[in-house]
file upload_27.cif (mmCIF, C-alpha atoms)
data_model
#
loop_
_atom_site.label_atom_id
_atom_site.label_comp_id
_atom_site.auth_asym_id
_atom_site.auth_seq_id
_atom_site.Cartn_x
_atom_site.Cartn_y
_atom_site.Cartn_z
CA MET A 3 27.69 -13.89 -10.19
CA THR A 4 26.82 -15.42 -6.80
CA GLN A 5 28.19 -18.82 -5.86
CA GLY A 6 27.15 -21.23 -3.11
CA VAL A 7 23.84 -19.58 -2.25
CA ARG A 8 22.22 -20.82 0.93
CA VAL A 9 18.95 -19.69 2.50
CA GLU A 10 18.39 -19.57 6.25
CA PRO A 11 15.23 -18.78 8.22
CA VAL A 12 15.25 -15.70 10.41
CA THR A 13 15.27 -16.96 13.99
CA ASP A 14 16.66 -14.10 16.09
CA ALA A 15 16.92 -10.31 16.31
CA SER A 16 20.27 -10.02 14.56
CA ALA A 17 19.03 -12.05 11.59
CA LEU A 18 15.93 -9.84 11.44
CA ASP A 19 18.20 -6.78 11.34
CA ARG A 20 20.01 -8.29 8.36
CA PHE A 21 16.67 -9.09 6.73
CA ILE A 22 15.48 -5.48 7.11
CA ALA A 23 18.77 -4.00 5.84
CA ILE A 24 18.90 -5.93 2.54
CA PRO A 25 16.89 -3.49 0.36
CA LYS A 26 19.15 -0.65 1.46
CA ARG A 27 22.21 -2.70 0.52
CA LEU A 28 20.73 -3.57 -2.88
CA TYR A 29 19.00 -0.37 -3.94
CA ARG A 30 20.95 2.49 -2.36
CA GLY A 31 21.23 5.27 -4.94
CA GLN A 32 18.30 4.10 -7.08
CA ARG A 33 16.08 7.06 -7.93
CA GLY A 34 12.85 5.29 -7.04
CA PHE A 35 14.03 3.95 -3.68
CA VAL A 36 14.06 5.42 -0.17
CA ALA A 37 15.12 3.26 2.77
CA PRO A 38 12.19 2.73 5.16
CA LEU A 39 12.65 3.37 8.86
CA ALA A 40 14.25 0.29 10.40
CA LEU A 41 12.28 0.84 13.62
CA GLU A 42 8.97 0.91 11.72
CA ARG A 43 9.91 -2.23 9.78
CA LYS A 44 10.70 -4.09 13.00
CA ASP A 45 7.27 -3.25 14.36
CA ALA A 46 5.52 -4.19 11.10
CA LEU A 47 7.26 -7.57 11.02
CA SER A 48 6.75 -8.31 14.71
CA ALA A 49 4.18 -10.93 15.66
CA LYS A 50 3.80 -9.10 18.98
CA LYS A 51 3.14 -5.65 17.50
CA ASN A 52 1.37 -6.17 14.17
CA PRO A 53 -2.26 -7.37 14.61
CA TYR A 54 -2.04 -9.07 11.20
CA PHE A 55 -0.43 -11.93 13.12
CA HIS A 56 -3.58 -12.45 15.18
CA HIS A 57 -4.88 -14.33 12.14
CA ALA A 58 -1.69 -15.19 10.26
CA GLU A 59 1.73 -16.76 10.53
CA ALA A 60 4.92 -15.98 8.62
CA GLN A 61 8.52 -17.01 8.19
CA TYR A 62 11.28 -14.73 6.93
CA PHE A 63 14.30 -16.02 5.01
CA VAL A 64 17.70 -14.53 4.17
CA ALA A 65 19.88 -15.73 1.31
CA TYR A 66 23.65 -15.73 1.90
CA SER A 67 26.65 -15.96 -0.36
CA GLY A 68 29.35 -16.99 2.05
CA ASP A 69 28.73 -14.80 5.09
CA GLU A 70 27.22 -11.96 3.07
CA PRO A 71 23.42 -11.50 3.10
CA VAL A 72 22.35 -11.02 -0.53
CA GLY A 73 18.57 -11.47 -0.63
CA ARG A 74 15.39 -12.00 1.35
CA VAL A 75 11.81 -13.26 1.13
CA SER A 76 8.85 -13.90 3.41
CA ALA A 77 6.27 -16.69 3.31
CA GLN A 78 2.95 -16.22 5.10
CA ILE A 79 -0.44 -17.84 5.55
CA ASP A 80 -3.48 -15.73 6.40
CA ARG A 81 -6.30 -17.69 7.99
CA LEU A 82 -8.84 -14.97 7.15
CA TYR A 83 -7.88 -15.27 3.48
CA ILE A 84 -8.23 -19.07 3.61
CA GLU A 85 -11.63 -18.82 5.30
CA ARG A 86 -12.89 -16.25 2.79
CA TYR A 87 -11.70 -17.89 -0.44
CA ARG A 88 -11.74 -21.55 0.59
CA ASN A 89 -8.55 -22.38 -1.27
CA ALA A 90 -5.08 -23.51 -0.30
CA THR A 91 -3.36 -20.22 -1.15
CA GLY A 92 -0.37 -18.93 0.74
CA HIS A 93 1.46 -15.66 0.17
CA PHE A 94 5.03 -14.52 -0.27
CA GLY A 95 6.50 -11.05 -0.11
CA LEU A 96 9.35 -8.78 0.95
CA ILE A 97 11.33 -10.33 -1.89
CA ASP A 98 14.53 -8.46 -2.74
CA ALA A 99 17.59 -9.89 -4.45
CA PRO A 100 20.34 -8.99 -6.93
CA ASP A 101 20.09 -9.68 -10.66
CA ASP A 102 21.12 -13.29 -10.14
CA ALA A 103 18.96 -16.28 -11.07
CA ALA A 104 20.55 -18.51 -8.41
CA VAL A 105 19.49 -16.19 -5.60
CA TRP A 106 15.93 -15.87 -6.90
CA ARG A 107 15.68 -19.63 -7.32
CA ALA A 108 16.88 -20.24 -3.79
CA LEU A 109 14.58 -17.65 -2.22
CA THR A 110 11.40 -18.65 -4.03
CA GLY A 111 12.21 -22.30 -3.40
CA ALA A 112 12.49 -21.68 0.35
CA ALA A 113 9.20 -19.77 0.49
CA GLU A 114 7.38 -22.39 -1.60
CA SER A 115 8.68 -25.26 0.53
CA TRP A 116 7.52 -23.57 3.72
CA LEU A 117 4.07 -22.97 2.25
CA ARG A 118 3.83 -26.47 0.78
CA GLU A 119 4.74 -28.08 4.10
CA ARG A 120 1.69 -26.33 5.58
CA GLY A 121 -0.72 -27.60 2.97
CA MET A 122 -0.66 -24.68 0.53
CA ARG A 123 -1.02 -25.46 -3.18
CA ARG A 124 -0.71 -21.95 -4.62
CA ALA A 125 1.59 -19.02 -3.90
CA VAL A 126 0.47 -15.41 -4.51
CA GLY A 127 2.53 -12.27 -4.08
CA PRO A 128 4.48 -10.26 -3.39
CA LEU A 129 2.40 -9.07 -0.45
CA SER A 130 4.11 -7.43 2.48
CA LEU A 131 2.34 -8.87 4.32
CA SER A 132 -1.24 -8.62 3.01
CA THR A 133 -3.34 -6.69 0.50
CA ASN A 134 -4.07 -4.25 3.34
CA GLU A 135 -0.37 -3.37 3.47
CA GLU A 136 2.20 -3.28 0.62
CA THR A 137 1.01 -5.09 -2.49
CA GLY A 138 2.63 -6.09 -5.76
CA MET A 139 5.97 -5.84 -7.55
CA LEU A 140 6.85 -2.63 -9.35
CA VAL A 141 6.98 -3.40 -13.09
CA ASP A 142 6.68 0.10 -14.56
CA GLY A 143 7.57 3.60 -13.33
CA PHE A 144 10.93 2.77 -11.74
CA ASP A 145 12.21 6.36 -11.68
CA ALA A 146 9.03 7.93 -10.28
CA PRO A 147 9.19 9.37 -6.75
CA PRO A 148 8.91 6.66 -4.09
CA MET A 149 5.66 6.66 -2.15
CA MET A 150 4.95 5.53 1.38
CA LEU A 151 3.67 1.98 1.78
CA MET A 152 4.32 1.19 -1.88
CA THR A 153 7.05 -1.23 -2.89
CA TYR A 154 10.16 -0.62 -4.96
CA HIS A 155 11.79 -3.20 -7.21
CA PRO A 156 14.39 -2.69 -9.96
CA PRO A 157 13.57 -3.46 -13.61
CA TYR A 158 15.12 -6.96 -13.54
CA ALA A 159 13.01 -8.23 -10.62
CA ALA A 160 9.88 -9.15 -12.58
CA ARG A 161 11.92 -11.08 -15.14
CA ARG A 162 13.76 -13.01 -12.43
CA LEU A 163 10.51 -13.90 -10.65
CA GLU A 164 8.87 -15.01 -13.90
CA GLU A 165 11.87 -17.28 -14.58
CA GLN A 166 10.81 -19.20 -11.46
CA GLY A 167 7.40 -20.00 -12.97
CA TYR A 168 5.36 -17.08 -11.64
CA VAL A 169 2.69 -15.55 -13.89
CA LYS A 170 0.59 -12.43 -13.65
CA ALA A 171 -2.47 -12.62 -11.43
CA LYS A 172 -3.43 -8.94 -11.40
CA ASP A 173 -1.99 -5.50 -12.15
CA LEU A 174 -2.48 -2.53 -9.84
CA ILE A 175 -2.28 1.02 -11.18
CA ALA A 176 -0.95 4.13 -9.41
CA TYR A 177 -2.12 7.54 -10.62
CA ASP A 178 -0.32 10.87 -10.35
CA TYR A 179 -2.77 13.66 -9.53
CA ASP A 180 -1.50 17.23 -10.02
CA VAL A 181 -3.78 19.36 -7.86
CA GLU A 182 -2.11 22.60 -8.93
CA ARG A 183 -2.85 22.22 -12.62
CA THR A 184 -6.13 20.32 -12.45
CA ALA A 185 -9.25 22.33 -13.27
CA PRO A 186 -12.19 22.50 -10.84
CA ILE A 187 -14.33 19.36 -10.84
CA THR A 188 -18.11 19.62 -10.96
CA ASP A 189 -20.87 17.09 -10.55
CA ALA A 190 -23.67 19.54 -11.35
CA LYS A 191 -24.32 18.31 -14.90
CA ILE A 192 -24.36 14.67 -13.83
CA LEU A 193 -26.89 15.34 -11.07
CA ALA A 194 -29.07 17.62 -13.20
CA ARG A 195 -29.20 15.11 -16.03
CA ALA A 196 -30.44 12.46 -13.58
CA GLY A 197 -32.86 14.84 -11.85
CA LEU A 198 -31.08 14.47 -8.51
CA ASP A 199 -30.91 17.16 -5.82
CA ALA A 200 -27.30 18.22 -5.11
CA SER A 201 -28.23 19.01 -1.48
CA ARG A 202 -28.44 15.26 -0.83
CA ILE A 203 -24.62 15.20 -0.88
CA ARG A 204 -22.50 16.68 1.88
CA ILE A 205 -18.69 16.69 1.93
CA ARG A 206 -16.92 17.38 5.20
CA ARG A 207 -13.40 17.37 6.64
CA LEU A 208 -12.19 15.04 9.32
CA ASP A 209 -13.08 16.21 12.82
CA MET A 210 -9.88 15.65 14.81
CA LYS A 211 -11.78 16.05 18.07
CA ARG A 212 -13.67 12.88 17.14
CA TYR A 213 -10.70 11.13 15.56
CA LYS A 214 -11.44 7.62 16.81
CA GLU A 215 -15.09 7.78 15.74
CA GLU A 216 -14.16 9.27 12.36
CA LEU A 217 -11.64 6.48 11.68
CA ALA A 218 -14.26 3.91 12.58
CA ILE A 219 -16.57 5.45 9.94
CA VAL A 220 -13.79 5.46 7.34
CA LEU A 221 -12.79 1.86 7.91
CA ASP A 222 -16.41 0.70 7.96
CA ILE A 223 -16.82 2.27 4.51
CA PHE A 224 -13.56 0.64 3.41
CA ASN A 225 -14.64 -2.83 4.52
CA ASP A 226 -17.95 -2.40 2.67
CA ALA A 227 -16.58 -0.71 -0.47
CA TRP A 228 -13.74 -3.18 -1.02
CA SER A 229 -15.55 -6.36 0.03
CA ASP A 230 -16.02 -7.65 -3.53
CA ASN A 231 -12.56 -6.62 -4.74
CA TRP A 232 -9.97 -9.12 -5.88
CA GLY A 233 -7.84 -10.37 -2.98
CA TYR A 234 -9.77 -8.45 -0.34
CA VAL A 235 -9.42 -9.49 3.30
CA PRO A 236 -11.41 -7.51 5.91
CA MET A 237 -9.57 -5.46 8.49
CA THR A 238 -10.15 -6.72 12.01
CA ALA A 239 -11.01 -4.48 14.97
CA ALA A 240 -7.41 -4.77 16.20
CA GLU A 241 -6.06 -3.81 12.77
CA ILE A 242 -8.42 -0.83 12.62
CA GLU A 243 -7.19 0.36 16.03
CA HIS A 244 -3.57 -0.16 14.97
CA THR A 245 -4.14 1.76 11.73
CA ALA A 246 -5.79 4.64 13.58
CA ARG A 247 -2.83 5.01 15.93
CA SER A 248 -0.19 4.80 13.23
CA MET A 249 -1.92 7.27 10.89
CA LYS A 250 -2.69 9.97 13.44
CA PRO A 251 0.72 11.75 13.50
CA LEU A 252 0.56 12.20 9.72
CA ILE A 253 -3.05 13.37 9.39
CA GLU A 254 -3.72 16.63 7.52
CA PRO A 255 -7.45 17.45 7.87
CA GLU A 256 -7.45 19.18 4.47
CA LEU A 257 -6.53 15.82 2.90
CA PHE A 258 -9.08 13.74 4.78
CA TRP A 259 -12.71 13.93 3.59
CA ILE A 260 -15.96 12.09 4.27
CA ALA A 261 -18.96 12.27 1.96
CA GLU A 262 -22.53 11.75 3.10
CA ILE A 263 -25.59 10.90 1.01
CA ASP A 264 -28.88 11.74 2.70
CA GLY A 265 -27.00 12.10 5.99
CA GLU A 266 -25.33 8.66 5.85
CA PRO A 267 -21.53 8.34 5.46
CA ALA A 268 -21.12 6.97 1.95
CA SER A 269 -17.59 7.65 0.77
CA MET A 270 -14.22 8.70 2.11
CA ILE A 271 -10.75 9.66 0.97
CA VAL A 272 -7.70 9.62 3.22
CA CYS A 273 -4.53 11.16 1.82
CA LEU A 274 -1.33 11.29 3.89
CA PRO A 275 1.84 13.34 3.42
CA ASN A 276 4.38 11.15 1.66
CA LEU A 277 6.60 9.97 4.50
CA ASN A 278 9.15 8.66 1.98
CA GLU A 279 9.86 12.21 0.84
CA ALA A 280 10.68 13.17 4.42
CA LEU A 281 12.85 10.06 4.89
CA LYS A 282 15.10 10.78 1.91
CA GLY A 283 18.76 10.72 2.92
CA LEU A 284 18.16 9.34 6.43
CA GLU A 285 19.08 5.80 5.31
CA GLY A 286 16.35 4.36 7.51
CA ASN A 287 17.95 5.63 10.73
CA LEU A 288 16.62 8.11 13.28
CA LEU A 289 19.87 8.38 15.24
CA PRO A 290 21.74 10.52 15.94
CA PHE A 291 19.80 13.39 14.29
CA GLY A 292 17.18 11.63 12.16
CA TRP A 293 14.28 12.47 14.49
CA ALA A 294 14.98 16.20 14.20
CA LYS A 295 15.31 16.06 10.41
CA LEU A 296 12.14 14.02 10.03
CA LEU A 297 10.06 16.34 12.22
CA TRP A 298 11.46 19.42 10.47
CA ARG A 299 10.58 18.05 7.04
CA LEU A 300 7.08 17.00 8.07
CA LYS A 301 6.08 20.01 10.17
CA VAL A 302 8.20 22.97 9.03
CA SER A 303 9.67 22.66 5.56
CA LYS A 304 6.73 20.45 4.50
CA VAL A 305 6.71 17.65 1.96
CA LYS A 306 5.20 18.36 -1.46
CA THR A 307 3.83 14.92 -2.30
CA SER A 308 1.14 12.76 -0.72
CA ARG A 309 -0.57 9.44 -1.21
CA VAL A 310 -4.22 8.45 -1.04
CA VAL A 311 -4.07 5.40 1.22
CA LEU A 312 -7.83 4.84 1.60
CA PHE A 313 -10.53 5.66 -0.94
CA GLY A 314 -13.91 4.04 -1.32
CA LEU A 315 -17.63 4.27 -1.97
CA ARG A 316 -20.23 2.04 -0.33
CA LYS A 317 -21.35 -0.83 -2.55
CA LYS A 318 -24.97 0.30 -2.73
CA HIS A 319 -23.89 3.54 -4.44
CA GLN A 320 -21.35 2.02 -6.80
CA ARG A 321 -22.24 2.25 -10.51
CA SER A 322 -24.93 4.83 -9.70
CA ILE A 323 -25.26 8.46 -10.84
CA ILE A 324 -25.18 9.82 -7.31
CA GLY A 325 -22.19 7.61 -6.50
CA SER A 326 -20.25 9.02 -9.45
CA ALA A 327 -21.15 12.54 -8.34
CA VAL A 328 -19.87 11.83 -4.83
CA ILE A 329 -16.55 10.54 -6.15
CA LEU A 330 -16.12 13.65 -8.30
CA ARG A 331 -16.94 15.94 -5.41
CA ILE A 332 -14.65 14.23 -2.92
CA LEU A 333 -11.78 14.33 -5.43
CA ASP A 334 -12.38 18.05 -5.84
CA ALA A 335 -12.24 18.46 -2.07
CA LEU A 336 -8.85 16.73 -2.13
CA ARG A 337 -7.72 19.02 -4.96
CA LEU A 338 -8.68 22.16 -3.04
CA GLY A 339 -7.23 20.85 0.21
CA GLY A 340 -3.89 20.04 -1.42
CA ARG A 341 -3.71 23.53 -2.89
CA LYS A 342 -4.57 25.12 0.44
CA ILE A 343 -1.74 23.46 2.35
CA GLY A 344 0.82 23.67 -0.47
CA MET A 345 0.97 19.97 -1.29
CA PRO A 346 0.59 20.01 -5.08
CA ARG A 347 0.86 16.32 -5.98
CA ALA A 348 -0.96 13.24 -4.78
CA GLU A 349 -0.66 9.61 -5.75
CA LEU A 350 -3.94 7.71 -6.00
CA SER A 351 -2.97 4.10 -5.43
CA TRP A 352 -3.63 1.44 -5.87
CA ILE A 353 -6.47 0.89 -8.38
CA LEU A 354 -7.20 -2.56 -9.81
CA GLU A 355 -6.53 -2.68 -13.55
CA ASP A 356 -10.07 -3.91 -14.22
CA ASN A 357 -11.81 -1.35 -11.99
CA VAL A 358 -12.78 0.53 -15.14
CA PRO A 359 -15.43 2.86 -13.62
CA MET A 360 -13.03 4.22 -11.00
CA ARG A 361 -10.17 4.49 -13.48
CA LYS A 362 -12.37 6.48 -15.89
CA ILE A 363 -13.36 8.92 -13.14
CA ILE A 364 -9.76 9.42 -12.03
CA GLU A 365 -8.64 9.99 -15.60
CA LYS A 366 -11.54 12.36 -16.21
CA VAL A 367 -10.36 14.63 -13.39
CA GLY A 368 -6.76 14.64 -14.62
CA GLY A 369 -5.11 11.62 -13.00
CA LYS A 370 -2.26 10.10 -15.01
CA ALA A 371 -1.34 6.42 -14.72
CA TYR A 372 2.39 6.42 -13.98
CA LYS A 373 3.26 3.23 -12.11
CA THR A 374 2.19 -0.40 -12.38
CA TYR A 375 2.51 -3.03 -9.67
CA ARG A 376 1.99 -6.70 -10.48
CA VAL A 377 0.79 -9.51 -8.24
CA TYR A 378 1.99 -12.96 -9.34
CA GLU A 379 0.79 -16.49 -8.73
CA LYS A 380 2.17 -20.01 -9.11
CA ALA A 381 0.86 -23.51 -8.51
CA ILE A 382 3.16 -25.15 -5.95
CA GLY A 383 1.47 -28.47 -5.31
#
call {"tool": "encode", "arguments": {"input": "upload_27.cif", "output": "structure tokens"}}
result
Amino acid sequence: MTQGVRVEPVTDASALDRFIAIPKRLYRGQRGFVAPLALERKDALSAKKNPYFHHAEAQYFVAYSGDEPVGRVSAQIDRLYIERYRNATGHFGLIDAPDDAAVWRALTGAAESWLRERGMRRAVGPLSLSTNEETGMLVDGFDAPPMMLMTYHPPYAARRLEEQGYVKAKDLIAYDYDVERTAPITDAKILARAGLDASRIRIRRLDMKRYKEELAIVLDIFNDAWSDNWGYVPMTAAEIEHTARSMKPLIEPELFWIAEIDGEPASMIVCLPNLNEALKGLEGNLLPFGWAKLLWRLKVSKVKTSRVVLFGLRKKHQRSIIGSAVILRILDALRLGGRKIGMPRAELSWILEDNVPMRKIIEKVGGKAYKTYRVYEKAIG
């Protein structure tokens, strides 16, 4: 299909624009794809604006057939990951290409060479750019509605990547949660059976007047709750501040809950309106009238879907009766909040395939697994 493929590193603004535009060129019209905002992508990929680059370096590559850009990939090394896991693992991501083995071979080869030259012996991905951002390749659920900060790949992508020697490292599951049809959730029987006092648990909404302090609580719980998870890298203070700023315009207090046990913050759930639903048809552009359409959809006509972007329970309460009760109660708070504001569906993602306790709870309250994302690995040296 494609002849004379060459891969070039992104070295200037115009090449970065081509890099960002490739998914739109490849996937326009696919049911599961919505073009992200080009402006947001530029910021996310900027070493000056994304605090990920305080502890990481990356190189972006574009594949060309003649003068036509046909594919892309990133290669990145995260020093915090290296320090935590003490192995020579680099990452790749943002990989998008047509159904053409030559393009996939050229792109993965470029990323692997860059990583190998810097002492890496294993490549893991796709991560765009870390596990705290977009993680995995979509391998099931291609026609499901696209969700914010979750990747899209067509059905052939996994096969093409596997042809280059990549094998499964871990699957990540996304759950569809229908808050309109789900019955009320109760933790009363669980607590009574264990002889625990329900008054020890308090569930409360986000206090927007204390937004910065509330986000600090949420991200402290996140860093504790996820610290033993596969692939986890802690969020730095700069990343926490960046996350707080970027999330604030999308916050719906009815979708943001904190749970306390004996007065101590113990669990949290942060669900955001699905920005991808609002971006549909804008083709990633805010000019000339995209700003108005986006604001109208978010604030007036309202989106109907949402995504849980942060969800966790402190380690000391995990695998405990009271911890299970807290998770049930906070999910019920989300259910009621979604009903109240007319946002009937939420995606709970992502959940590690082997996080059986959490998966059982989500399925118990009516969550349906409907998408699978796969992280791959390959020895490169």
call {"tool": "closest_residue", "arguments": {"input": "upload_27.cif", "among": "A:Ser201, A:Asn276, A:Thr133, A:Thr245", "to": "Ser308 in chain A", "atoms": "all atoms listed in the file"}}
result
A:Asn276
call {"tool": "resolve_selection", "arguments": {"input": "upload_27.cif", "expression": "the PyMOL selection byres ((chain A and resi 320) around 12)", "output": "number ranges by chain"}}
result
A: 226-228, 230, 268-269, 314-319, 321-329, 357, 359-360
call {"tool": "write_last_selection", "arguments": {"input": "upload_27.cif", "atoms": "C-alpha atoms", "output": "mmCIF file, in the coordinates of the input"}}
result
data_model
loop_
_atom_site.group_PDB
_atom_site.id
_atom_site.type_symbol
_atom_site.label_atom_id
_atom_site.label_comp_id
_atom_site.auth_asym_id
_atom_site.auth_seq_id
_atom_site.Cartn_x
_atom_site.Cartn_y
_atom_site.Cartn_z
ATOM 1 C CA ASP A 226 -17.950 -2.400 2.670
ATOM 2 C CA ALA A 227 -16.580 -0.710 -0.470
ATOM 3 C CA TRP A 228 -13.740 -3.180 -1.020
ATOM 4 C CA ASP A 230 -16.020 -7.650 -3.530
ATOM 5 C CA ALA A 268 -21.120 6.970 1.950
ATOM 6 C CA SER A 269 -17.590 7.650 0.770
ATOM 7 C CA GLY A 314 -13.910 4.040 -1.320
ATOM 8 C CA LEU A 315 -17.630 4.270 -1.970
ATOM 9 C CA ARG A 316 -20.230 2.040 -0.330
ATOM 10 C CA LYS A 317 -21.350 -0.830 -2.550
ATOM 11 C CA LYS A 318 -24.970 0.300 -2.730
ATOM 12 C CA HIS A 319 -23.890 3.540 -4.440
ATOM 13 C CA ARG A 321 -22.240 2.250 -10.510
ATOM 14 C CA SER A 322 -24.930 4.830 -9.700
ATOM 15 C CA ILE A 323 -25.260 8.460 -10.840
ATOM 16 C CA ILE A 324 -25.180 9.820 -7.310
ATOM 17 C CA GLY A 325 -22.190 7.610 -6.500
ATOM 18 C CA SER A 326 -20.250 9.020 -9.450
ATOM 19 C CA ALA A 327 -21.150 12.540 -8.340
ATOM 20 C CA VAL A 328 -19.870 11.830 -4.830
ATOM 21 C CA ILE A 329 -16.550 10.540 -6.150
ATOM 22 C CA ASN A 357 -11.810 -1.350 -11.990
ATOM 23 C CA PRO A 359 -15.430 2.860 -13.620
ATOM 24 C CA MET A 360 -13.030 4.220 -11.000
#
call {"tool": "atom_distance", "arguments": {"input": "upload_27.cif", "atom1": "CA of Ala77 in chain A", "atom2": "CA of Leu117 in chain A"}}
result
6.7 Å
call {"tool": "residues_near_point", "arguments": {"input": "upload_27.cif", "point": "(13.9, 7.1, -10.6)", "cutoff": "7 Å", "atoms": "only C-alpha atoms", "output": "list in words"}}
result
Gln32, Arg33, Gly34, Phe144, Asp145, Ala146 and Pro147 of chain A
call {"tool": "atom_distance", "arguments": {"input": "upload_27.cif", "atom1": "CA of Ser132 in chain A", "atom2": "CA of Met237 in chain A"}}
result
10.5 Å
call {"tool": "closest_residue", "arguments": {"input": "upload_27.cif", "among": "A:Asn89, A:Thr238, A:Met149, A:Ala200", "to": "Val310 in chain A", "atoms": "all atoms listed in the file"}}
result
A:Met149
call {"tool": "residues_around", "arguments": {"input": "upload_27.cif", "residues": "His155 in chain A", "least_positions_apart": "6", "cutoff": "12 Å", "atoms": "all atoms listed in the file", "output": "PyMOL selection string"}}
result
chain A and resi 25-26+28-30+32-36+95-101+128+137-146+148+161-163+373-376
call {"tool": "resolve_selection", "arguments": {"input": "upload_27.cif", "expression": "the PyMOL selection byres ((chain A and resi 184) around 10)", "output": "list in words"}}
result
Tyr179, Asp180, Val181, Glu182, Arg183, Ala185, Pro186, Ile187, Asp334, Arg337, Leu338, Pro346, Val367, Gly368 and Gly369 of chain A
call {"tool": "resolve_selection", "arguments": {"input": "upload_27.cif", "expression": "the PyMOL selection byres ((chain A and resi 209) around 12)", "output": "ChimeraX atom specification"}}
result
/A:206-208,210-217,219,253-260
call {"tool": "closest_residue", "arguments": {"input": "upload_27.cif", "among": "A:Arg124, A:Arg361, A:Arg27, A:Lys304", "to": "Lys380 in chain A", "atoms": "all atoms listed in the file"}}
result
A:Arg124
call {"tool": "atom_distance", "arguments": {"input": "upload_27.cif", "atom1": "CA of Ala58 in chain A", "atom2": "CA of Ala112 in chain A"}}
result
18.5 Å
